[in-house]
file my_file01.json (JSON, C-alpha atoms and all ligand atoms)
[["chain", "number", "residue", "atom", "x", "y", "z"],
["A", 11, "MET", "CA", 250.95, -6.97, 86.20],
["A", 12, "LYS", "CA", 251.27, -10.70, 85.78],
["A", 13, "ASN", "CA", 248.16, -12.43, 87.00],
["A", 14, "ASP", "CA", 249.22, -15.17, 89.39],
["A", 15, "GLN", "CA", 245.99, -15.24, 91.41],
["A", 16, "VAL", "CA", 244.60, -18.75, 91.48],
["A", 17, "TYR", "CA", 240.99, -17.84, 92.07],
["A", 18, "GLN", "CA", 239.14, -16.24, 89.17],
["A", 19, "PRO", "CA", 235.46, -15.68, 88.41],
["A", 20, "ALA", "CA", 233.93, -18.43, 86.35],
["A", 21, "ILE", "CA", 233.65, -16.26, 83.26],
["A", 22, "GLY", "CA", 234.67, -17.43, 79.79],
["A", 23, "PRO", "CA", 233.40, -17.50, 76.24],
["A", 24, "TYR", "CA", 231.75, -20.87, 76.71],
["A", 25, "ASP", "CA", 230.52, -20.33, 80.22],
["A", 26, "GLN", "CA", 226.95, -19.85, 81.28],
["A", 27, "LYS", "CA", 226.87, -16.97, 83.72],
["A", 28, "PHE", "CA", 223.18, -17.48, 84.38],
["A", 29, "ALA", "CA", 223.57, -21.08, 85.43],
["A", 30, "GLY", "CA", 225.35, -22.91, 88.19],
["A", 31, "ILE", "CA", 225.58, -22.38, 91.94],
["A", 32, "ALA", "CA", 225.63, -18.70, 92.92],
["A", 33, "THR", "CA", 228.76, -17.42, 94.66],
["A", 34, "MET", "CA", 229.98, -13.86, 95.18],
["A", 35, "MET", "CA", 230.91, -12.56, 91.71],
["A", 36, "ARG", "CA", 231.13, -16.16, 90.49],
["A", 37, "LEU", "CA", 234.35, -16.72, 92.40],
["A", 38, "PRO", "CA", 235.17, -20.18, 93.73],
["A", 39, "HIS", "CA", 233.67, -21.12, 97.06],
["A", 40, "VAL", "CA", 236.40, -22.15, 99.49],
["A", 41, "PRO", "CA", 235.93, -23.48, 103.03],
["A", 42, "SER", "CA", 238.08, -20.97, 104.90],
["A", 43, "PRO", "CA", 239.88, -17.64, 104.44],
["A", 44, "GLU", "CA", 243.25, -19.39, 104.58],
["A", 45, "GLY", "CA", 245.51, -18.09, 101.82],
["A", 46, "LEU", "CA", 243.10, -15.35, 100.75],
["A", 47, "ASP", "CA", 243.95, -11.66, 100.58],
["A", 48, "VAL", "CA", 240.30, -10.68, 100.43],
["A", 49, "ALA", "CA", 237.64, -12.94, 101.92],
["A", 50, "MET", "CA", 234.17, -12.36, 100.50],
["A", 51, "CYS", "CA", 231.42, -13.52, 102.81],
["A", 52, "GLY", "CA", 227.85, -13.05, 103.92],
["A", 53, "VAL", "CA", 226.67, -12.15, 107.40],
["A", 54, "PRO", "CA", 223.05, -13.32, 107.55],
["A", 55, "TYR", "CA", 222.27, -11.53, 110.81],
["A", 56, "ASP", "CA", 219.23, -9.26, 111.16],
["A", 57, "MET", "CA", 218.41, -9.51, 114.84],
["A", 58, "GLY", "CA", 219.41, -5.87, 115.26],
["A", 59, "THR", "CA", 216.43, -4.73, 113.17],
["A", 60, "PHE", "CA", 213.18, -3.46, 114.63],
["A", 61, "MET", "CA", 211.09, -2.17, 111.72],
["A", 62, "ARG", "CA", 210.99, -4.73, 108.88],
["A", 63, "PRO", "CA", 213.40, -7.61, 109.49],
["A", 64, "GLY", "CA", 214.64, -9.87, 106.71],
["A", 65, "ALA", "CA", 218.13, -8.66, 105.81],
["A", 66, "ARG", "CA", 219.42, -12.12, 106.73],
["A", 67, "SER", "CA", 218.33, -12.96, 103.19],
["A", 68, "GLY", "CA", 220.69, -10.35, 101.71],
["A", 69, "PRO", "CA", 223.80, -12.47, 101.12],
["A", 70, "ALA", "CA", 221.97, -15.16, 99.16],
["A", 71, "GLN", "CA", 220.13, -12.61, 97.01],
["A", 72, "ILE", "CA", 223.30, -10.58, 96.37],
["A", 73, "ARG", "CA", 225.24, -13.71, 95.38],
["A", 74, "ASP", "CA", 222.60, -14.51, 92.77],
["A", 75, "TRP", "CA", 222.59, -11.00, 91.31],
["A", 76, "SER", "CA", 226.39, -10.73, 91.37],
["A", 77, "ARG", "CA", 226.46, -13.08, 88.35],
["A", 78, "PHE", "CA", 226.41, -9.96, 86.20],
["A", 79, "ILE", "CA", 229.78, -8.69, 87.45],
["A", 80, "ARG", "CA", 232.74, -8.86, 85.02],
["A", 81, "ASN", "CA", 236.45, -8.37, 85.71],
["A", 82, "VAL", "CA", 237.54, -4.78, 85.13],
["A", 83, "ASN", "CA", 236.30, -1.46, 86.47],
["A", 84, "PRO", "CA", 235.50, 0.65, 83.38],
["A", 85, "ALA", "CA", 236.30, 3.97, 85.08],
["A", 86, "THR", "CA", 239.50, 3.18, 87.00],
["A", 87, "GLY", "CA", 240.86, 0.25, 84.99],
["A", 88, "ILE", "CA", 241.28, -1.72, 88.21],
["A", 89, "ALA", "CA", 241.12, -5.53, 87.77],
["A", 90, "PRO", "CA", 240.71, -6.70, 91.36],
["A", 91, "PHE", "CA", 240.86, -10.44, 90.66],
["A", 92, "GLU", "CA", 244.33, -9.93, 89.19],
["A", 93, "MET", "CA", 245.55, -7.94, 92.19],
["A", 94, "VAL", "CA", 244.53, -10.17, 95.07],
["A", 95, "GLN", "CA", 243.65, -13.73, 95.91],
["A", 96, "CYS", "CA", 239.92, -13.45, 96.46],
["A", 97, "ALA", "CA", 237.19, -16.06, 96.93],
["A", 98, "ASP", "CA", 233.79, -16.62, 98.55],
["A", 99, "ILE", "CA", 234.10, -18.26, 101.98],
["A", 100, "GLY", "CA", 230.38, -18.55, 102.57],
["A", 101, "ASP", "CA", 228.47, -17.06, 105.48],
["A", 102, "ALA", "CA", 229.37, -16.18, 109.05],
["A", 103, "PRO", "CA", 227.71, -18.44, 111.63],
["A", 104, "VAL", "CA", 224.65, -17.19, 113.47],
["A", 105, "THR", "CA", 222.32, -18.64, 116.06],
["A", 106, "PRO", "CA", 218.79, -17.63, 115.07],
["A", 107, "MET", "CA", 216.80, -16.16, 117.97],
["A", 108, "ASN", "CA", 219.94, -15.61, 120.05],
["A", 109, "PRO", "CA", 221.41, -12.21, 119.19],
["A", 110, "GLN", "CA", 224.20, -12.20, 121.78],
["A", 111, "ALA", "CA", 225.46, -15.66, 120.84],
["A", 112, "SER", "CA", 225.33, -14.70, 117.17],
["A", 113, "GLN", "CA", 227.23, -11.49, 117.76],
["A", 114, "GLU", "CA", 230.08, -13.29, 119.48],
["A", 115, "LYS", "CA", 230.25, -15.92, 116.71],
["A", 116, "ILE", "CA", 230.43, -13.20, 114.07],
["A", 117, "VAL", "CA", 233.15, -11.30, 115.95],
["A", 118, "GLU", "CA", 235.19, -14.48, 116.27],
["A", 119, "TYR", "CA", 234.67, -15.30, 112.58],
["A", 120, "PHE", "CA", 236.21, -11.98, 111.54],
["A", 121, "ALA", "CA", 238.90, -12.22, 114.21],
["A", 122, "ALA", "CA", 240.05, -15.54, 112.74],
["A", 123, "MET", "CA", 239.93, -14.06, 109.24],
["A", 124, "ALA", "CA", 242.03, -11.07, 110.30],
["A", 125, "ALA", "CA", 244.50, -13.19, 112.26],
["A", 126, "GLY", "CA", 245.14, -15.14, 109.07],
["A", 127, "GLY", "CA", 245.86, -11.97, 107.11],
["A", 128, "SER", "CA", 242.63, -11.83, 105.09],
["A", 129, "PHE", "CA", 240.63, -8.62, 104.71],
["A", 130, "PRO", "CA", 236.81, -8.77, 104.63],
["A", 131, "LEU", "CA", 234.33, -7.81, 101.96],
["A", 132, "ALA", "CA", 231.02, -8.65, 103.59],
["A", 133, "ALA", "CA", 227.38, -8.64, 102.52],
["A", 134, "GLY", "CA", 224.85, -8.18, 105.34],
["A", 135, "GLY", "CA", 222.75, -8.65, 107.19],
["A", 136, "ASP", "CA", 221.53, -5.58, 109.00],
["A", 137, "HIS", "CA", 223.68, -2.60, 109.88],
["A", 138, "THR", "CA", 224.73, -4.04, 113.21],
["A", 139, "ILE", "CA", 227.46, -5.97, 111.47],
["A", 140, "PRO", "CA", 230.13, -3.29, 110.96],
["A", 141, "LEU", "CA", 230.48, -3.07, 114.75],
["A", 142, "LEU", "CA", 230.98, -6.84, 114.92],
["A", 143, "ILE", "CA", 233.43, -6.81, 112.00],
["A", 144, "LEU", "CA", 235.45, -3.97, 113.55],
["A", 145, "ARG", "CA", 235.56, -5.83, 116.88],
["A", 146, "GLY", "CA", 236.80, -8.88, 114.99],
["A", 147, "LEU", "CA", 239.42, -6.94, 113.05],
["A", 148, "LYS", "CA", 240.72, -5.55, 116.34],
["A", 149, "ARG", "CA", 240.78, -8.96, 118.00],
["A", 150, "GLY", "CA", 242.50, -10.45, 114.95],
["A", 151, "GLY", "CA", 245.16, -7.75, 114.78],
["A", 152, "ILE", "CA", 244.30, -5.88, 111.58],
["A", 153, "LEU", "CA", 242.71, -2.90, 113.33],
["A", 154, "THR", "CA", 245.54, -1.57, 115.45],
["A", 155, "GLU", "CA", 244.28, 1.98, 115.85],
["A", 156, "PRO", "CA", 240.86, 3.65, 115.59],
["A", 157, "VAL", "CA", 239.80, 3.55, 111.96],
["A", 158, "GLY", "CA", 238.15, 6.24, 109.87],
["A", 159, "ILE", "CA", 234.67, 5.32, 108.63],
["A", 160, "ILE", "CA", 233.17, 6.13, 105.24],
["A", 161, "GLN", "CA", 229.46, 5.52, 105.65],
["A", 162, "PHE", "CA", 226.73, 5.81, 103.06],
["A", 163, "ASP", "CA", 223.45, 5.80, 104.91],
["A", 164, "ALA", "CA", 220.10, 7.53, 105.31],
["A", 165, "HIS", "CA", 220.60, 7.23, 109.09],
["A", 166, "SER", "CA", 223.46, 8.28, 111.34],
["A", 167, "ASP", "CA", 223.34, 5.12, 113.52],
["A", 168, "VAL", "CA", 224.32, 6.94, 116.70],
["A", 169, "LEU", "CA", 221.08, 6.26, 118.55],
["A", 170, "GLN", "CA", 221.23, 6.43, 122.34],
["A", 171, "THR", "CA", 219.23, 3.37, 123.30],
["A", 172, "GLU", "CA", 219.96, 3.01, 127.00],
["A", 173, "GLY", "CA", 217.22, 4.99, 128.71],
["A", 174, "GLY", "CA", 216.23, 6.09, 125.24],
["A", 175, "VAL", "CA", 213.74, 5.10, 122.61],
["A", 176, "PHE", "CA", 214.45, 1.35, 122.54],
["A", 177, "ASP", "CA", 214.11, -1.25, 125.25],
["A", 178, "GLY", "CA", 216.23, -3.97, 123.68],
["A", 179, "ASP", "CA", 219.79, -5.03, 122.99],
["A", 180, "GLU", "CA", 221.97, -1.93, 122.72],
["A", 181, "VAL", "CA", 223.87, -3.67, 119.90],
["A", 182, "ASN", "CA", 221.51, -3.03, 117.00],
["A", 183, "HIS", "CA", 221.44, -1.50, 113.55],
["A", 184, "ALA", "CA", 220.94, 2.05, 114.78],
["A", 185, "THR", "CA", 223.89, 2.24, 117.19],
["A", 186, "PHE", "CA", 227.05, 0.92, 115.57],
["A", 187, "ILE", "CA", 228.73, 4.29, 115.09],
["A", 188, "ARG", "CA", 228.16, 5.41, 118.67],
["A", 189, "LEU", "CA", 229.30, 2.09, 120.13],
["A", 190, "GLY", "CA", 232.26, 1.94, 117.74],
["A", 191, "VAL", "CA", 233.42, 5.39, 118.86],
["A", 192, "GLU", "CA", 232.87, 4.55, 122.54],
["A", 193, "GLU", "CA", 234.81, 1.30, 122.17],
["A", 194, "GLY", "CA", 237.74, 3.05, 120.50],
["A", 195, "LEU", "CA", 237.25, 1.21, 117.20],
["A", 196, "ILE", "CA", 236.28, 4.31, 115.20],
["A", 197, "ASP", "CA", 238.10, 7.64, 114.94],
["A", 198, "PRO", "CA", 235.19, 10.08, 114.56],
["A", 199, "LYS", "CA", 237.43, 12.93, 113.40],
["A", 200, "ARG", "CA", 238.47, 10.91, 110.34],
["A", 201, "SER", "CA", 234.94, 9.61, 109.71],
["A", 202, "ILE", "CA", 232.31, 10.85, 107.31],
["A", 203, "GLN", "CA", 228.67, 10.03, 106.70],
["A", 204, "ILE", "CA", 226.93, 10.70, 103.40],
["A", 205, "GLY", "CA", 223.24, 10.76, 102.55],
["A", 206, "LEU", "CA", 221.69, 11.36, 105.99],
["A", 207, "ARG", "CA", 218.05, 12.34, 105.68],
["A", 208, "GLY", "CA", 215.78, 10.27, 107.90],
["A", 209, "SER", "CA", 213.50, 12.22, 110.18],
["A", 210, "GLN", "CA", 214.97, 12.28, 113.69],
["A", 211, "TYR", "CA", 213.60, 11.33, 117.11],
["A", 212, "SER", "CA", 214.67, 14.72, 118.44],
["A", 213, "VAL", "CA", 216.49, 17.85, 117.30],
["A", 214, "ASP", "CA", 219.58, 16.84, 119.31],
["A", 215, "ALA", "CA", 219.56, 13.18, 118.18],
["A", 216, "ASN", "CA", 222.88, 13.51, 116.33],
["A", 217, "ASP", "CA", 224.70, 15.65, 118.90],
["A", 218, "PHE", "CA", 226.87, 12.70, 119.92],
["A", 219, "ALA", "CA", 228.39, 12.54, 116.43],
["A", 220, "VAL", "CA", 228.64, 16.30, 116.04],
["A", 221, "ASP", "CA", 230.39, 16.63, 119.40],
["A", 222, "ALA", "CA", 232.74, 13.76, 118.53],
["A", 223, "GLY", "CA", 233.87, 15.58, 115.37],
["A", 224, "MET", "CA", 232.19, 13.34, 112.80],
["A", 225, "ARG", "CA", 231.58, 14.93, 109.39],
["A", 226, "MET", "CA", 227.89, 14.42, 108.64],
["A", 227, "ILE", "CA", 226.78, 15.24, 105.11],
["A", 228, "TYR", "CA", 223.02, 15.34, 105.05],
["A", 229, "GLN", "CA", 221.29, 14.76, 101.74],
["A", 230, "HIS", "CA", 220.20, 18.38, 101.48],
["A", 231, "GLU", "CA", 223.85, 19.48, 101.80],
["A", 232, "PHE", "CA", 224.97, 16.83, 99.29],
["A", 233, "ASP", "CA", 222.47, 18.27, 96.83],
["A", 234, "GLU", "CA", 224.26, 21.63, 97.19],
["A", 235, "ILE", "CA", 227.92, 20.51, 97.08],
["A", 236, "GLY", "CA", 227.79, 17.41, 94.84],
["A", 237, "PRO", "CA", 229.92, 14.28, 94.61],
["A", 238, "LYS", "CA", 233.25, 15.92, 93.73],
["A", 239, "ALA", "CA", 233.29, 17.96, 96.93],
["A", 240, "VAL", "CA", 232.38, 14.83, 98.89],
["A", 241, "ILE", "CA", 235.27, 12.90, 97.33],
["A", 242, "LYS", "CA", 237.67, 15.66, 98.36],
["A", 243, "GLU", "CA", 236.36, 15.65, 101.92],
["A", 244, "ILE", "CA", 236.77, 11.88, 102.17],
["A", 245, "LEU", "CA", 240.29, 11.98, 100.73],
["A", 246, "ASP", "CA", 241.17, 14.70, 103.24],
["A", 247, "ARG", "CA", 240.20, 12.30, 106.05],
["A", 248, "ALA", "CA", 241.84, 9.22, 104.53],
["A", 249, "SER", "CA", 245.26, 9.90, 106.06],
["A", 250, "GLY", "CA", 245.21, 6.49, 107.72],
["A", 251, "PRO", "CA", 243.32, 3.19, 107.55],
["A", 252, "MET", "CA", 239.66, 3.49, 106.54],
["A", 253, "TYR", "CA", 236.65, 1.19, 106.71],
["A", 254, "LEU", "CA", 233.86, 1.46, 104.15],
["A", 255, "THR", "CA", 230.28, 0.66, 105.13],
["A", 256, "ILE", "CA", 227.33, 1.01, 102.77],
["A", 257, "ASP", "CA", 223.80, 0.90, 104.06],
["A", 258, "ILE", "CA", 221.76, 0.29, 100.92],
["A", 259, "ASP", "CA", 219.14, 2.68, 102.29],
["A", 260, "GLY", "CA", 221.60, 5.48, 101.52],
["A", 261, "LEU", "CA", 220.33, 5.11, 97.98],
["A", 262, "ASP", "CA", 216.94, 6.43, 97.01],
["A", 263, "PRO", "CA", 214.13, 3.90, 97.59],
["A", 264, "SER", "CA", 212.95, 4.42, 94.01],
["A", 265, "ILE", "CA", 216.19, 2.61, 93.05],
["A", 266, "CYS", "CA", 216.58, 0.32, 96.06],
["A", 267, "PRO", "CA", 213.19, -0.32, 97.66],
["A", 268, "GLY", "CA", 214.24, -3.73, 98.98],
["A", 269, "THR", "CA", 215.34, -2.58, 102.42],
["A", 270, "GLY", "CA", 213.83, -2.50, 105.89],
["A", 271, "TYR", "CA", 213.72, 1.23, 106.61],
["A", 272, "PRO", "CA", 213.58, 3.18, 103.33],
["A", 273, "GLU", "CA", 213.87, 6.98, 103.38],
["A", 274, "PRO", "CA", 212.70, 8.99, 100.37],
["A", 275, "GLY", "CA", 215.00, 11.48, 98.65],
["A", 276, "GLY", "CA", 218.37, 9.71, 98.60],
["A", 277, "LEU", "CA", 221.49, 9.25, 96.52],
["A", 278, "SER", "CA", 221.39, 7.89, 93.00],
["A", 279, "THR", "CA", 223.40, 4.85, 91.94],
["A", 280, "ARG", "CA", 225.45, 7.10, 89.65],
["A", 281, "GLU", "CA", 226.33, 9.48, 92.46],
["A", 282, "MET", "CA", 227.46, 6.65, 94.71],
["A", 283, "GLN", "CA", 229.42, 5.03, 91.87],
["A", 284, "MET", "CA", 231.11, 8.34, 91.13],
["A", 285, "ILE", "CA", 232.14, 8.82, 94.75],
["A", 286, "LEU", "CA", 233.46, 5.26, 95.12],
["A", 287, "ARG", "CA", 235.47, 5.54, 91.91],
["A", 288, "GLY", "CA", 236.95, 8.78, 93.26],
["A", 289, "LEU", "CA", 238.29, 6.94, 96.31],
["A", 290, "GLN", "CA", 240.57, 4.57, 94.40],
["A", 291, "GLY", "CA", 243.94, 4.47, 96.13],
["A", 292, "ILE", "CA", 242.92, 4.99, 99.76],
["A", 293, "ASP", "CA", 243.92, 2.49, 102.47],
["A", 294, "VAL", "CA", 240.72, 0.52, 103.11],
["A", 295, "ILE", "CA", 240.93, -2.41, 105.55],
["A", 296, "GLY", "CA", 237.41, -3.76, 105.13],
["A", 297, "VAL", "CA", 234.05, -3.30, 103.47],
["A", 298, "ASP", "CA", 230.49, -4.19, 104.23],
["A", 299, "LEU", "CA", 227.20, -3.59, 102.45],
["A", 300, "CYS", "CA", 224.08, -4.04, 104.56],
["A", 301, "GLU", "CA", 220.30, -3.98, 104.74],
["A", 302, "VAL", "CA", 219.36, -5.69, 101.47],
["A", 303, "ASN", "CA", 216.11, -7.47, 102.25],
["A", 304, "ALA", "CA", 215.22, -10.07, 99.60],
["A", 305, "GLY", "CA", 211.63, -10.39, 100.78],
["A", 306, "LEU", "CA", 211.10, -6.71, 99.98],
["A", 307, "ASP", "CA", 213.08, -6.96, 96.72],
["A", 308, "PRO", "CA", 211.01, -9.18, 94.42],
["A", 309, "SER", "CA", 212.50, -7.64, 91.25],
["A", 310, "GLY", "CA", 216.06, -8.24, 92.46],
["A", 311, "GLY", "CA", 216.92, -4.66, 91.54],
["A", 312, "THR", "CA", 218.15, -3.76, 95.01],
["A", 313, "ALA", "CA", 220.47, -6.78, 95.12],
["A", 314, "LEU", "CA", 221.70, -5.96, 91.61],
["A", 315, "VAL", "CA", 222.77, -2.48, 92.73],
["A", 316, "ALA", "CA", 224.25, -3.94, 95.92],
["A", 317, "ALA", "CA", 226.36, -6.45, 93.99],
["A", 318, "HIS", "CA", 227.74, -3.70, 91.76],
["A", 319, "LEU", "CA", 228.54, -1.44, 94.71],
["A", 320, "LEU", "CA", 230.40, -4.36, 96.28],
["A", 321, "PHE", "CA", 232.43, -4.66, 93.08],
["A", 322, "GLU", "CA", 233.21, -0.93, 93.16],
["A", 323, "SER", "CA", 234.27, -1.34, 96.79],
["A", 324, "LEU", "CA", 236.33, -4.45, 96.00],
["A", 325, "CYS", "CA", 238.36, -2.44, 93.48],
["A", 326, "ILE", "CA", 239.40, -0.04, 96.26],
["A", 327, "LEU", "CA", 239.99, -2.80, 98.81],
["A", 328, "ALA", "CA", 242.00, -4.98, 96.41],
["A", 329, "GLU", "CA", 244.45, -2.20, 95.61],
["A", 330, "ALA", "CA", 244.80, -1.32, 99.30],
["A", 331, "VAL", "CA", 245.46, -4.93, 100.30],
["A", 332, "ALA", "CA", 247.88, -5.49, 97.40],
["A", 333, "ARG", "CA", 249.78, -2.39, 98.53],
["A", 334, "ARG", "CA", 249.87, -3.61, 102.13],
["A", 335, "LYS", "CA", 251.32, -6.90, 100.88],
["A", 336, "GLY", "CA", 253.92, -5.12, 98.78],
["A", 337, "ARG", "CA", 252.56, -6.11, 95.37],
["A", 338, "VAL", "CA", 251.83, -2.67, 93.93],
["B", 401, "MN", "MN", 222.63, 2.18, 108.76]]
call {"tool": "encode", "arguments": {"input": "my_file01.json", "output": "structure tokens", "more": "lines below"}}
Ligand SMILES: [Mn+2]
result
Amino acid sequence: MKNDQVYQPAIGPYDQKFAGIATMMRLPHVPSPEGLDVAMCGVPYDMGTFMRPGARSGPAQIRDWSRFIRNVNPATGIAPFEMVQCADIGDAPVTPMNPQASQEKIVEYFAAMAAGGSFPLAAGGDHTIPLLILRGLKRGGILTEPVGIIQFDAHSDVLQTEGGVFDGDEVNHATFIRLGVEEGLIDPKRSIQIGLRGSQYSVDANDFAVDAGMRMIYQHEFDEIGPKAVIKEILDRASGPMYLTIDIDGLDPSICPGTGYPEPGGLSTREMQMILRGLQGIDVIGVDLCEVNAGLDPSGGTALVAAHLLFESLCILAEAVARRKGRV
């Protein structure tokens, strides 16, 4: 394929990858998503967190550690920067200390992106943001039917908060799946969760998802069936548009300790890489990666893994968007 994409990572034989202003994967920073196929952005929102806040620092930390990314996926051969016009548009607007105002700004940000024909690859922020992104994609016209979700996470995020265990805003990082299903954004029967293992508030805490037809692969089941069986199950559900959301706490905290609510006994980086590489070719309409907390990640190792998982995800998204635009 002839590479006619204007925006390319600042990588060359004479370049200094370690120097210069950090952008997502060293792509150019542009002021708006106009003209982009894939808009890379940060969503520095963590007002949906209750345990250890700080994921608002994720986008900046991930940008810095994404310097290491090169151009081609070694397993699939995908070269995303040759397939789509892709750049860093900066961060979604938030109003610190005003969750509701921030939520609406974020929804509108993604609605404008979608209305212009750009597909998001977002770095959080806490795990509230997929709900806001999906609302925006619906408002902007990209999400025209309930989407299937591929979710890597230690937690199922279906918490019933009203009259339940929390006394705060129902829009928070433990509820986005339930709200997304209730709002008709998510098709639970085409959705799958991988890596669930957090201790639960009650034995029936996940009944909402079970009853809705969600496929929930707990870590102990993953350990039995392995990544190849998981890939097959995801591909079986990917008969229509899919949305990929990665909570970094899906990975084991020995690898990614820099997150607000770590749960021991999780996926390895290799297992998650293997699964993502097995999904090449599916129709993904958006990606987010959440819950990287720089204050809890002094080594940068969590952000390093996050940046690489975003690259793996970009390879899937770029092919899907190029196909939608008739280029492959
Ligand atoms: Mn989550």
call {"tool": "residues_near_ligand", "arguments": {"input": "my_file01.json", "ligand": "ligand MN 401 (chain B)", "cutoff": "6 Å", "atoms": "only C-alpha atoms and all ligand atoms", "output": "list in words"}}
result
His137, Asp163, His165, Asp167 and Asp257 of chain A
call {"tool": "atom_distance", "arguments": {"input": "my_file01.json", "atom1": "CA of Leu299 in chain A", "atom2": "CA of Gln161 in chain A"}}
result
9.9 Å
call {"tool": "closest_atom_pairs", "arguments": {"input": "my_file01.json", "of": "range 69-120 of chain A", "to": "range 315-320 of chain A", "cutoff": "9 Å", "atoms": "all atoms listed in the file", "output": "tab-separated table"}}
result
residue	atom	partner	partner_atom	distance
A:Ile72	CA	A:Ala317	CA	5.7
A:Arg73	CA	A:Ala317	CA	7.5
A:Asp74	CA	A:Ala317	CA	9.0
A:Trp75	CA	A:Ala317	CA	6.5
A:Ser76	CA	A:Ala317	CA	5.0
A:Arg77	CA	A:Ala317	CA	8.7
A:Phe78	CA	A:His318	CA	8.5
A:Ile79	CA	A:His318	CA	6.9
call {"tool": "residues_around", "arguments": {"input": "my_file01.json", "residues": "range 232-241 of chain A", "least_positions_apart": "3", "cutoff": "10 Å", "atoms": "only C-alpha atoms", "output": "JSON, numbers by chain"}}
result
{"A": [202, 203, 204, 205, 206, 227, 228, 229, 244, 245, 246, 276, 277, 280, 281, 282, 283, 284, 285, 286, 287, 288, 289]}
call {"tool": "atom_distance", "arguments": {"input": "my_file01.json", "atom1": "CA of Lys27 in chain A", "atom2": "CA of Gln15 in chain A"}}
result
20.7 Å
call {"tool": "atom_distance", "arguments": {"input": "my_file01.json", "atom1": "CA of Val48 in chain A", "atom2": "CA of Leu131 in chain A"}}
result
6.8 Å
call {"tool": "closest_residue", "arguments": {"input": "my_file01.json", "among": "A:Ile196, A:Val297, A:Ala29, A:Leu144", "to": "Ala49 in chain A", "atoms": "only C-alpha atoms"}}
result
A:Val297
call {"tool": "residues_around", "arguments": {"input": "my_file01.json", "residues": "range 302-311 of chain A", "least_positions_apart": "3", "cutoff": "7 Å", "atoms": "all atoms listed in the file", "output": "MDAnalysis selection string"}}
result
chainID A and resid 64:65 67:68 71 258 266:270 314:315
call {"tool": "closest_residue", "arguments": {"input": "my_file01.json", "among": "A:Gly127, A:Ala122, A:Ser42, A:Glu301", "to": "Gly146 in chain A", "atoms": "only C-alpha atoms"}}
result
A:Ala122
call {"tool": "residues_near_point", "arguments": {"input": "my_file01.json", "point": "(233.2, -9.4, 104.0)", "cutoff": "8 Å", "atoms": "all atoms listed in the file", "output": "count of residues only"}}
result
13
call {"tool": "closest_residue", "arguments": {"input": "my_file01.json", "among": "A:Asp214, A:Glu322, A:Glu44, A:Asp136", "to": "Asn182 in chain A", "atoms": "all atoms listed in the file"}}
result
A:Asp136
call {"tool": "closest_residue", "arguments": {"input": "my_file01.json", "among": "A:Ala102, A:Tyr55, A:Gln95, A:Pro156", "to": "Lys335 in chain A", "atoms": "all atoms listed in the file"}}
result
A:Gln95
call {"tool": "axis_aligned_box", "arguments": {"input": "my_file01.json", "around": "range 233-242 of chain A", "padding_each_side": "5 Å", "output": "JSON"}}
result
{"center_x": 230.1, "center_y": 17.3, "center_z": 96.3, "size_x": 25.2, "size_y": 18.7, "size_z": 15.2}
call {"tool": "closest_residue", "arguments": {"input": "my_file01.json", "among": "A:Ile295, A:Met107, A:Ile152, A:Val82", "to": "Leu254 in chain A", "atoms": "only C-alpha atoms"}}
result
A:Ile295
call {"tool": "closest_residue", "arguments": {"input": "my_file01.json", "among": "A:Pro251, A:Gly190, A:Pro263, A:Gly45", "to": "Val94 in chain A", "atoms": "only C-alpha atoms"}}
result
A:Gly45
call {"tool": "decode", "arguments": {"input": "my_file01.json", "residues": "range 118-127 of chain A", "atoms": "N, CA and C atoms", "output": "mmCIF file, in the first residue's frame"}}
result
data_model
loop_
_atom_site.group_PDB
_atom_site.id
_atom_site.type_symbol
_atom_site.label_atom_id
_atom_site.label_comp_id
_atom_site.auth_asym_id
_atom_site.auth_seq_id
_atom_site.Cartn_x
_atom_site.Cartn_y
_atom_site.Cartn_z
ATOM 1 N N GLU A 118 -19.530 15.709 24.580
ATOM 2 C CA GLU A 118 -19.599 16.609 23.428
ATOM 3 C C GLU A 118 -18.304 16.574 22.604
ATOM 4 N N TYR A 119 -17.193 16.430 23.295
ATOM 5 C CA TYR A 119 -15.884 16.317 22.623
ATOM 6 C C TYR A 119 -15.862 15.126 21.671
ATOM 7 N N PHE A 120 -16.352 13.972 22.144
ATOM 8 C CA PHE A 120 -16.360 12.784 21.290
ATOM 9 C C PHE A 120 -17.475 12.839 20.256
ATOM 10 N N ALA A 121 -18.555 13.538 20.581
ATOM 11 C CA ALA A 121 -19.628 13.705 19.593
ATOM 12 C C ALA A 121 -19.117 14.515 18.401
ATOM 13 N N ALA A 122 -18.369 15.578 18.680
ATOM 14 C CA ALA A 122 -17.828 16.408 17.596
ATOM 15 C C ALA A 122 -16.820 15.609 16.771
ATOM 16 N N MET A 123 -15.994 14.819 17.477
ATOM 17 C CA MET A 123 -15.026 13.966 16.779
ATOM 18 C C MET A 123 -15.741 13.002 15.839
ATOM 19 N N ALA A 124 -16.778 12.337 16.355
ATOM 20 C CA ALA A 124 -17.506 11.344 15.558
ATOM 21 C C ALA A 124 -18.226 12.009 14.392
ATOM 22 N N ALA A 125 -18.809 13.162 14.647
ATOM 23 C CA ALA A 125 -19.557 13.862 13.589
ATOM 24 C C ALA A 125 -18.640 14.235 12.434
ATOM 25 N N GLY A 126 -17.359 14.444 12.740
ATOM 26 C CA GLY A 126 -16.393 14.763 11.698
ATOM 27 C C GLY A 126 -15.781 13.541 11.029
ATOM 28 N N GLY A 127 -16.189 12.349 11.462
ATOM 29 C CA GLY A 127 -15.720 11.130 10.819
ATOM 30 C C GLY A 127 -14.419 10.586 11.383
#
